[in-house]
Amino acid sequence: MTDLSTIEATLPAIASAPDLAALEAQRIALLGKQGSVSLLLKTLGGMSPEERQTTGARINRLRSDVADALATRKAALDRAALDARLASETLDMSLPIGGAQAGSVHPVSQVMDEFAEIFADLGFAVATGPEIEDDWHNFTALNIPDAHPARAMHDTFYFDRVDGEGRKMLLRTHTSPVQIRTMAASPPPIRIIAPGRTYRSDSDATHTPMFHQVEGLVIDKGITLGHLKWTLETFVKAYFERDDIVLRQRPSYFPFTEPSVEIDVGYTLVKGKRVIGGAEPDGWLEILGSGMVHPRVIAACGLDPDMWQGFAFGCGIDRLAMLKYGMDDLRAFFDGDLRWLRHYGFAALDVPTLSGGLGA
Ligand code: PHE
């Protein structure tokens with residue numbers, strides 16, 4: 001059996017073990033079943049009480065010194081191995097992505113960008129609002145008081161709590177609350193569009209519980225229905241990228257606009273398929289709701305409706321994307337299927353511009 005002092009003399013060797021394999025070999029030689037320290041520990045049983053107090057104590061100290069030295073060296077070698085791995089696996093995050101792996105822009109994002117491009121050209125800014133709303137902004141201020149039937153028309157997702165002012169919290173059912181937030185936050189004149197997510201408890205081939213809308217709002221002095229008509233005509237022609245587009249205005253009802261106008265766009269049948277545009281339409285597709293902002297809505301935002309008028313419109317982005325780019329199932333928009341995204345997506349660097357072509 002190796003004697004105590006010889007083993008004590010090997011302790012410094014542990015601290016200079018060159019790698020984890022060498023360290024493991026040392027551990028087995030010392031603390032393994034047949035290791036020299038383990039064998040020494042077995043002699044404790046045959047010792048006299050006096051011997052146990054002196055030599056026995058020394059053996060125990062040796063065992064814990066060896067274990068400590070092994071653990072210290074192992075931690076150092078592990079750290080060095082990690083450092084080496086980190087150094088050899090560095091990635092340059094600023095490198096451009098390779099063509100094969102490049103992602104694509106979702107049609108909804110593309111259409112939102114096209115909207116922003118067209119309306120920025122007309123002097124509109126882009127506004128946003130929260131998706132988690134309260135029922136005052138989503139309904140009451142928009143002239144939809146409690147118990148108004150229009151509240152039931154929106155299949156609203158409610159939270160089971162109220163905010164600090166006792167208002168019921170919900171997922172906004174349309175982008176119209178951004179009208180309220182914009183009017184309350186900044187004095188007119190106002191020209192904004194507000195694209196974003198909206199939610200209703202509804203699901204089939206043309207409805208998903210989460211969908212996208214873009215709101216438009218103009219507030220100024222002397223605004224009329226004529227301004228609304230021209231603005232929407234200019235927008236629709238720019239969006240579908242053709243001039244021979246006919247719009248039809250239909251009287252409608254929204255609590256927050258008076259009068260309210262629904263806008264249909266004419267399509268022609270080309271080989272049995274509906275194509276937006278054509279001077280003499282074969283049929284009509286509804287694309288948005290609009291109207292003159294109700295005086296009560298203007299007053300709810302703290303503005304004088306005798307001084308300020310305006311128009312608003314709200315439009316389903318997903319539907320407009322389907323009409324322009326020829327998708328037929330809305331649910332596919334949100335499946336996250338890479339094949340669909342590769343087919344219908346847009347190149348990441350191909351930003352829509354009026355001069356370069358919007359949906360090229
Ligand atoms: N918020 C309405 C909807 O979701 C659309 C709309 C917006 C109508 C603005 C008129 C004015 O159906």
# chains A, B, ... in the order shown; residues from 1 in each chain; ligands from 1
call {"tool": "closest_atom_pairs", "arguments": {"of": "chain A", "to": "ligand 1", "cutoff": "10 Å", "atoms": "only C-alpha atoms and all ligand atoms", "output": "CSV"}}
result
residue,atom,partner,partner_atom_place_in_ligand_line,distance
A:Asn138,CA,ligand 1,1 (N),9.4
A:Leu142,CA,ligand 1,1 (N),9.4
A:Met153,CA,ligand 1,12 (O),9.8
A:His154,CA,ligand 1,4 (O),8.4
A:Arg172,CA,ligand 1,4 (O),9.8
A:Thr173,CA,ligand 1,4 (O),6.9
A:His174,CA,ligand 1,4 (O),4.6
A:Thr175,CA,ligand 1,1 (N),6.3
A:Ser176,CA,ligand 1,1 (N),5.1
A:Pro177,CA,ligand 1,1 (N),8.5
A:Gln179,CA,ligand 1,9 (C),8.5
A:Thr198,CA,ligand 1,4 (O),8.8
A:His212,CA,ligand 1,4 (O),10.0
A:Gln213,CA,ligand 1,4 (O),7.6
A:Val214,CA,ligand 1,7 (C),8.5
A:Glu215,CA,ligand 1,7 (C),6.1
A:Gly216,CA,ligand 1,9 (C),7.0
A:Leu217,CA,ligand 1,9 (C),7.8
A:Ser252,CA,ligand 1,10 (C),9.2
A:Tyr253,CA,ligand 1,10 (C),8.3
A:Phe254,CA,ligand 1,10 (C),6.0
A:Pro255,CA,ligand 1,10 (C),8.4
A:Phe256,CA,ligand 1,11 (C),6.8
A:Thr257,CA,ligand 1,10 (C),6.0
A:Glu258,CA,ligand 1,10 (C),9.1
A:Pro259,CA,ligand 1,10 (C),9.6
A:Ser260,CA,ligand 1,10 (C),6.6
A:Val261,CA,ligand 1,10 (C),7.5
A:Glu262,CA,ligand 1,8 (C),7.9
A:Leu288,CA,ligand 1,5 (C),6.9
A:Gly289,CA,ligand 1,8 (C),4.0
A:Ser290,CA,ligand 1,10 (C),3.6
A:Gly291,CA,ligand 1,10 (C),5.4
A:Met292,CA,ligand 1,11 (C),7.7
A:Val293,CA,ligand 1,11 (C),7.4
A:His294,CA,ligand 1,11 (C),9.6
A:Phe311,CA,ligand 1,11 (C),7.5
A:Ala312,CA,ligand 1,11 (C),4.5
A:Phe313,CA,ligand 1,9 (C),3.7
A:Gly314,CA,ligand 1,7 (C),3.5
A:Cys315,CA,ligand 1,5 (C),6.3
A:Gly316,CA,ligand 1,4 (O),8.0
call {"tool": "write_last_selection", "arguments": {"atoms": "N, CA and C atoms", "output": "short mmCIF file (atom, residue, chain, number, x, y, z; two decimals), in the first residue's frame"}}
result
data_model
loop_
_atom_site.label_atom_id
_atom_site.label_comp_id
_atom_site.auth_asym_id
_atom_site.auth_seq_id
_atom_site.Cartn_x
_atom_site.Cartn_y
_atom_site.Cartn_z
N ASN A 138 -63.66 51.22 -27.06
CA ASN A 138 -64.09 50.31 -28.14
C ASN A 138 -65.56 50.53 -28.52
N LEU A 142 -67.64 55.56 -29.10
CA LEU A 142 -67.99 55.45 -30.52
C LEU A 142 -69.52 55.41 -30.68
N MET A 153 -73.58 42.69 -31.89
CA MET A 153 -73.15 42.35 -33.25
C MET A 153 -71.67 42.00 -33.31
N HIS A 154 -70.87 42.64 -32.46
CA HIS A 154 -69.45 42.30 -32.39
C HIS A 154 -69.31 41.15 -31.40
N ARG A 172 -59.88 44.45 -28.65
CA ARG A 172 -60.61 45.38 -29.52
C ARG A 172 -61.23 44.64 -30.69
N THR A 173 -62.49 44.98 -31.01
CA THR A 173 -63.22 44.27 -32.06
C THR A 173 -63.05 44.96 -33.40
N HIS A 174 -62.47 46.16 -33.40
CA HIS A 174 -62.18 46.91 -34.63
C HIS A 174 -61.08 47.92 -34.32
N THR A 175 -60.55 48.57 -35.35
CA THR A 175 -59.50 49.57 -35.11
C THR A 175 -60.10 50.94 -34.79
N SER A 176 -61.44 51.05 -34.78
CA SER A 176 -62.07 52.35 -34.53
C SER A 176 -61.69 53.01 -33.20
N PRO A 177 -61.38 52.24 -32.11
CA PRO A 177 -60.94 52.95 -30.89
C PRO A 177 -59.71 53.82 -31.10
N GLN A 179 -59.42 55.89 -33.46
CA GLN A 179 -60.00 57.22 -33.76
C GLN A 179 -60.10 58.03 -32.47
N THR A 198 -57.22 42.89 -34.86
CA THR A 198 -58.54 43.02 -34.24
C THR A 198 -59.06 41.61 -33.96
N HIS A 212 -57.14 41.48 -39.37
CA HIS A 212 -56.49 42.80 -39.43
C HIS A 212 -57.40 43.83 -40.09
N GLN A 213 -57.35 45.02 -39.54
CA GLN A 213 -58.09 46.13 -40.14
C GLN A 213 -57.16 47.32 -40.30
N VAL A 214 -57.56 48.25 -41.16
CA VAL A 214 -56.91 49.54 -41.14
C VAL A 214 -58.02 50.58 -41.03
N GLU A 215 -57.81 51.50 -40.09
CA GLU A 215 -58.76 52.57 -39.87
C GLU A 215 -58.22 53.81 -40.56
N GLY A 216 -59.11 54.66 -41.05
CA GLY A 216 -58.69 55.95 -41.57
C GLY A 216 -59.49 57.03 -40.86
N LEU A 217 -58.86 58.16 -40.58
CA LEU A 217 -59.59 59.24 -39.91
C LEU A 217 -59.06 60.58 -40.40
N SER A 252 -75.49 52.83 -45.54
CA SER A 252 -75.35 51.76 -44.57
C SER A 252 -75.56 52.32 -43.17
N TYR A 253 -75.22 51.55 -42.16
CA TYR A 253 -75.36 52.06 -40.80
C TYR A 253 -74.17 51.63 -39.94
N PHE A 254 -73.51 52.61 -39.35
CA PHE A 254 -72.58 52.38 -38.25
C PHE A 254 -72.93 53.41 -37.19
N PRO A 255 -72.90 53.03 -35.91
CA PRO A 255 -73.30 53.99 -34.86
C PRO A 255 -72.39 55.22 -34.82
N PHE A 256 -71.13 55.06 -35.27
CA PHE A 256 -70.15 56.15 -35.12
C PHE A 256 -70.00 57.02 -36.35
N THR A 257 -70.78 56.73 -37.42
CA THR A 257 -70.75 57.61 -38.58
C THR A 257 -72.17 57.96 -38.99
N GLU A 258 -72.36 59.19 -39.51
CA GLU A 258 -73.68 59.63 -39.97
C GLU A 258 -73.49 60.70 -41.03
N PRO A 259 -73.83 60.49 -42.30
CA PRO A 259 -74.32 59.22 -42.81
C PRO A 259 -73.21 58.17 -42.90
N SER A 260 -73.62 56.91 -43.06
CA SER A 260 -72.67 55.81 -43.22
C SER A 260 -72.75 55.28 -44.65
N VAL A 261 -71.60 54.94 -45.18
CA VAL A 261 -71.53 54.52 -46.57
C VAL A 261 -70.68 53.26 -46.68
N GLU A 262 -71.22 52.24 -47.31
CA GLU A 262 -70.39 51.08 -47.59
C GLU A 262 -69.87 51.19 -49.02
N LEU A 288 -65.15 48.06 -47.85
CA LEU A 288 -64.95 48.79 -46.58
C LEU A 288 -66.20 49.52 -46.13
N GLY A 289 -66.20 49.89 -44.84
CA GLY A 289 -67.25 50.70 -44.26
C GLY A 289 -66.70 52.09 -43.98
N SER A 290 -67.57 53.11 -44.13
CA SER A 290 -67.06 54.47 -43.94
C SER A 290 -68.22 55.40 -43.62
N GLY A 291 -67.91 56.67 -43.45
CA GLY A 291 -68.95 57.65 -43.23
C GLY A 291 -68.38 58.91 -42.62
N MET A 292 -69.28 59.87 -42.38
CA MET A 292 -68.88 61.11 -41.72
C MET A 292 -68.91 60.87 -40.21
N VAL A 293 -67.85 61.25 -39.54
CA VAL A 293 -67.75 60.97 -38.10
C VAL A 293 -68.94 61.60 -37.37
N HIS A 294 -69.61 60.78 -36.56
CA HIS A 294 -70.81 61.24 -35.84
C HIS A 294 -70.44 62.37 -34.87
N PHE A 311 -64.24 62.52 -41.76
CA PHE A 311 -64.73 61.21 -42.21
C PHE A 311 -63.84 60.12 -41.65
N ALA A 312 -64.37 58.90 -41.62
CA ALA A 312 -63.61 57.75 -41.15
C ALA A 312 -63.94 56.57 -42.04
N PHE A 313 -63.02 55.65 -42.09
CA PHE A 313 -63.31 54.40 -42.80
C PHE A 313 -62.59 53.25 -42.10
N GLY A 314 -63.09 52.05 -42.29
CA GLY A 314 -62.46 50.87 -41.69
C GLY A 314 -62.53 49.74 -42.70
N CYS A 315 -61.42 49.04 -42.84
CA CYS A 315 -61.30 48.14 -43.97
C CYS A 315 -60.56 46.88 -43.53
N GLY A 316 -61.04 45.72 -43.95
CA GLY A 316 -60.37 44.47 -43.60
C GLY A 316 -59.14 44.25 -44.47
#
call {"tool": "select_by_dssp", "arguments": {"residues": "segment 76-286 of chain A", "states": "alpha helix (DSSP H)", "output": "JSON, numbers by chain"}}
result
{"A": [76, 77, 78, 79, 80, 81, 82, 83, 84, 85, 86, 87, 88, 107, 108, 109, 110, 111, 112, 113, 114, 115, 116, 117, 118, 119, 120, 121, 135, 136, 137, 138, 149, 150, 151, 152, 153, 177, 178, 179, 180, 181, 182, 183, 184, 185, 225, 226, 227, 228, 229, 230, 231, 232, 233, 234, 235, 236, 237, 238, 239, 240]}
call {"tool": "atom_distance", "arguments": {"atom1": "atom CA of Leu23 of chain A", "atom2": "atom CA of Thr90 of chain A"}}
result
28.3 Å
call {"tool": "closest_residue", "arguments": {"among": "A:Val162, A:Leu30, A:Asp220, A:Gly266", "to": "Gln309 of chain A", "atoms": "only C-alpha atoms"}}
result
A:Asp220
call {"tool": "closest_residue", "arguments": {"among": "A:Ile223, A:Ile7, A:Val178, A:Ala81", "to": "Leu39 of chain A", "atoms": "only C-alpha atoms"}}
result
A:Ile7
call {"tool": "closest_residue", "arguments": {"among": "A:Ile219, A:Met169, A:Leu95, A:Ile263", "to": "Gln249 of chain A", "atoms": "only C-alpha atoms"}}
result
A:Ile263
